[in-house]
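Contents: one structure, followed by commentary.
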Amino acid sequence: METVLSGIRSTGNLHLGNYFGALKNFIKMQDENKCFFFIADYHSLTTHPDPKMLHPNVKNVLTEYLAAGIDPEKATLYVQSDVPEVCELYLLLNMHAYLGELSKTASFKDKARKSPDNVNAGLLTYPTLMAADILIHNADKVPVGKDQEQHLEMTRKFARRFNNLYGTEFFKEPVAYNYGQELIKIPGLDGSGKMGKSEGNCIYLIDDDKTIEKKVKRALTDEGPKEFNSPKPDYIENLFTFLKVLSTPDVLAYYEDKWNKCEIRYGDLKKQLAEDIIKVVKPIRERINAIQNDEAYLHKVTTEGAAKAREHASKTLKEVRQIMGFKSF
Ligand code: TRP
């Protein structure tokens, strides 16, 4: 059985991009694979170091994972900072990670540009921490969104480098995994290419129906195409991407046809889209509300998850230390 692993940074509530880009696949995978899913709270510190928000953010993501359908009986679900073995592997991997390659990473350059006052070493070594997350369980497959493909590429590089340096085949080279399809990227409704917290254009799993309707209504449109079969501008393409992901094929075909004939009515499209989004979000939101005050359940899930993850992780770490030449007296 193959090992699948993935994490989500706990920097706030999960949105539709997280759901379709990640969570929905996790739920399918947990039946067929040995799965490790975790909440990347260390990773959140690179940009979100507020101690008052750290725990609430972890709790939100945890309840949202569970509400979306991650089953802790099937998958190992844990909080990254509950597994200190990850930190040690991170340190060891950092000895063979180079400034040049780390500073060239797209996510690093992006964050450094956006927050020039907070270009910390954690940000720089984000890819080595992510590699440690993955390699500590020697995962075969990592379900990630498009924006994480480069990090995964670096994980393979670090794995290969370690193997070459120490003359071993110890680490596997993990591949991206999206349940047979190409990686899904949920766009923003504001015309931007991506739904993301920092873009401020998210529909959250905790949004109520009214909020969802309002957000969809505000989506960027125009006065419509002037010629038959026109190419779509990006912000309209985005709406169609939503239909592709969320609606039935006949709904999509209907609006494609309307677009091509210059008969599209964005009001109708948005109404349909809001309905289809609510169909997905509402049951999840209801489960979030049911779980979120069940402290005993959340405690049980995280302690059992951490124990399972640590058992596995400590085996890897022991072997890594041996390969690298650590010996006790
Ligand atoms: N970097 C990922 C993100 O921003 C989160 C993450 C951390 C992750 N460690 C990981 C994803 C390991 C997959 C595997 O979403």
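A note on labels: chains of the structure tokens are A, B, ... as shown, every chain counts residues from 1, and ligands are counted from 1 in their shown order.
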
Within 10 Å of ligand 1, counting only C-alpha atoms and all ligand atoms, residues as JSON, numbers by chain: {"A": [4, 5, 6, 7, 8, 9, 10, 11, 18, 21, 22, 36, 37, 38, 39, 40, 41, 42, 43, 44, 80, 107, 126, 127, 128, 129, 130, 131, 132, 133, 134, 135, 139, 141, 142, 143, 144, 145, 146, 147, 148, 149, 151, 152, 155, 174, 176]}

Could the residues in this selection be written to a file with C-alpha atoms, as a PDB file, in the first residue's frame?
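Below you can see selection_31.pdb, which holds the result:
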ATOM      1  CA  VAL A   4       0.022   9.465   0.887  1.00  0.00           C
ATOM      2  CA  LEU A   5       0.815  12.573   2.886  1.00  0.00           C
ATOM      3  CA  SER A   6      -0.310  16.145   2.880  1.00  0.00           C
ATOM      4  CA  GLY A   7      -0.576  19.186   5.080  1.00  0.00           C
ATOM      5  CA  ILE A   8      -2.390  22.469   5.186  1.00  0.00           C
ATOM      6  CA  ARG A   9      -0.967  25.565   6.789  1.00  0.00           C
ATOM      7  CA  SER A  10      -3.059  26.819   9.691  1.00  0.00           C
ATOM      8  CA  THR A  11      -3.316  30.472   8.850  1.00  0.00           C
ATOM      9  CA  ASN A  18      -8.393  24.209  -0.037  1.00  0.00           C
ATOM     10  CA  GLY A  21      -7.508  21.566  -4.348  1.00  0.00           C
ATOM     11  CA  ALA A  22      -6.822  19.306  -1.401  1.00  0.00           C
ATOM     12  CA  PHE A  36      -0.920  11.033   6.850  1.00  0.00           C
ATOM     13  CA  PHE A  37      -2.680  14.364   7.005  1.00  0.00           C
ATOM     14  CA  PHE A  38      -1.467  17.127   9.222  1.00  0.00           C
ATOM     15  CA  ILE A  39      -1.929  20.732  10.185  1.00  0.00           C
ATOM     16  CA  ALA A  40       1.199  22.689   9.358  1.00  0.00           C
ATOM     17  CA  ASP A  41       1.340  25.039  12.315  1.00  0.00           C
ATOM     18  CA  TYR A  42       5.129  25.482  12.223  1.00  0.00           C
ATOM     19  CA  HIS A  43       4.763  26.587   8.643  1.00  0.00           C
ATOM     20  CA  SER A  44       2.174  29.131   9.711  1.00  0.00           C
ATOM     21  CA  GLN A  80       2.813  19.183  12.901  1.00  0.00           C
ATOM     22  CA  SER A 107       6.948  31.216  -3.031  1.00  0.00           C
ATOM     23  CA  TYR A 126      10.096  26.626   4.081  1.00  0.00           C
ATOM     24  CA  PRO A 127      10.868  23.993   1.416  1.00  0.00           C
ATOM     25  CA  THR A 128      13.182  22.035   3.717  1.00  0.00           C
ATOM     26  CA  LEU A 129      10.546  21.946   6.455  1.00  0.00           C
ATOM     27  CA  MET A 130       8.032  20.756   3.906  1.00  0.00           C
ATOM     28  CA  ALA A 131      10.511  18.153   2.672  1.00  0.00           C
ATOM     29  CA  ALA A 132      10.968  17.015   6.278  1.00  0.00           C
ATOM     30  CA  ASP A 133       7.191  16.673   6.646  1.00  0.00           C
ATOM     31  CA  ILE A 134       7.081  14.444   3.613  1.00  0.00           C
ATOM     32  CA  LEU A 135      10.297  12.470   4.025  1.00  0.00           C
ATOM     33  CA  ALA A 139       5.597   9.311   1.435  1.00  0.00           C
ATOM     34  CA  LYS A 141       2.440  10.558  -3.085  1.00  0.00           C
ATOM     35  CA  VAL A 142       1.635  14.078  -2.038  1.00  0.00           C
ATOM     36  CA  PRO A 143      -1.686  15.618  -3.005  1.00  0.00           C
ATOM     37  CA  VAL A 144      -0.939  19.303  -3.414  1.00  0.00           C
ATOM     38  CA  GLY A 145      -2.205  22.250  -5.403  1.00  0.00           C
ATOM     39  CA  LYS A 146      -0.344  23.735  -8.325  1.00  0.00           C
ATOM     40  CA  ASP A 147       1.335  26.358  -6.175  1.00  0.00           C
ATOM     41  CA  GLN A 148       3.089  23.609  -4.218  1.00  0.00           C
ATOM     42  CA  GLU A 149       4.537  21.708  -7.163  1.00  0.00           C
ATOM     43  CA  HIS A 151       8.146  22.607  -3.251  1.00  0.00           C
ATOM     44  CA  LEU A 152       7.553  18.994  -4.107  1.00  0.00           C
ATOM     45  CA  THR A 155      11.635  17.640  -1.844  1.00  0.00           C
ATOM     46  CA  PRO A 174       7.494  11.602  -3.774  1.00  0.00           C
ATOM     47  CA  ALA A 176       2.266  14.900  -6.857  1.00  0.00           C
TER      48      ALA A 176
END

DSSP alpha helix (DSSP H) residues within stretch 80-278 of chain A, as a PyMOL selection string: chain A and resi 85-94+99-103+106-114+121-124+126-135+149-166+209-217+234-246+249-260+266-278

Surrounding residues of A:Ala274 excluding itself and chain neighbours under 3 positions, 9 Å, only C-alpha atoms, as a PyMOL selection string: chain A and resi 209+212-217+269-271+277-279

Test item: residues at most 12 Å from stretch 27-30 of chain A, only C-alpha atoms, excluding those fewer than 2 positions along its chain, as a ChimeraX atom specification: /A:1-6,19-25,32-37,65-77,141-143,177-180

Length of the atom CA of A:Asp82 to atom CA of A:Thr303 vector [Å]: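 The value is 8.4 Å.
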
I want to know what sits within 9 Å of A:Ser192, based on only C-alpha atoms, with residues of the same chain fewer than 3 positions away left out; could you give that as a CSV table (one decimal) with N, CA, C and O atoms, in the first residue's frame?
chain,number,residue,atom,x,y,z
A,187,PRO,N,-10.0,29.4,-8.9
A,187,PRO,CA,-9.6,30.8,-9.1
A,187,PRO,C,-10.4,31.7,-8.1
A,187,PRO,O,-11.2,31.2,-7.3
A,188,GLY,N,-10.0,32.9,-8.1
A,188,GLY,CA,-10.7,33.9,-7.3
A,188,GLY,C,-11.9,34.4,-8.1
A,188,GLY,O,-12.0,34.4,-9.3
A,189,LEU,N,-12.9,34.9,-7.3
A,189,LEU,CA,-14.1,35.4,-8.0
A,189,LEU,C,-13.9,36.9,-8.4
A,189,LEU,O,-14.8,37.6,-8.9
A,195,MET,N,-7.8,31.5,-5.7
A,195,MET,CA,-8.5,31.8,-4.4
A,195,MET,C,-7.5,31.6,-3.3
A,195,MET,O,-6.9,30.5,-3.2
A,199,GLU,N,-5.1,36.8,-0.9
A,199,GLU,CA,-5.8,37.6,-2.0
A,199,GLU,C,-7.1,38.2,-1.5
A,199,GLU,O,-7.7,39.0,-2.1
A,201,ASN,N,-10.1,36.9,-1.3
A,201,ASN,CA,-11.2,36.6,-2.2
A,201,ASN,C,-11.8,35.2,-2.0
A,201,ASN,O,-12.3,34.6,-2.9
A,234,ASP,N,-10.0,36.4,-18.8
A,234,ASP,CA,-9.7,35.5,-17.6
A,234,ASP,C,-10.8,35.5,-16.5
A,234,ASP,O,-11.1,34.4,-16.0
A,235,TYR,N,-11.3,36.7,-16.2
A,235,TYR,CA,-12.3,36.7,-15.1
A,235,TYR,C,-13.5,36.0,-15.4
A,235,TYR,O,-14.2,35.5,-14.5
A,238,ASN,N,-12.7,32.2,-15.2
A,238,ASN,CA,-12.7,31.8,-13.8
A,238,ASN,C,-14.1,31.3,-13.4
A,238,ASN,O,-14.3,30.3,-12.7

Separation of atom CA of A:Ala307 from atom CA of A:Glu295 in Å: 18.2 Å

Length of the atom CA of A:Ala121 to atom CA of A:Pro49 vector [Å]: 13.5 Å

Contacts of A:Phe171 within 9 Å, only C-alpha atoms, excl. fewer than 5 positions in-chain, as a ChimeraX atom specification: /A:135,138-139,156,159-160,162-163

Neighbour list for A:Phe108 as a list of chain:residue names, cut-off 12 Å, only C-alpha atoms, skip fewer than 4 positions in-chain: A:Thr46, A:Thr47, A:Leu99, A:Gly100, A:Glu101, A:Leu102, A:Ser103, A:Lys104, A:Ala112, A:Arg113, A:Lys114, A:Ser115, A:Pro116, A:Asn118, A:Val119, A:Asn120, A:Ala121, A:Gly122, A:Leu123, A:Leu124, A:Thr125, A:Tyr126, A:Pro127, A:Asp147, A:Gln148, A:Gln150, A:His151

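Proximity ranking of A:Asn229, A:Gln292, A:Ser314, A:Thr302 relative to A:Pro56 places A:Gln292 first, based on only C-alpha atoms.
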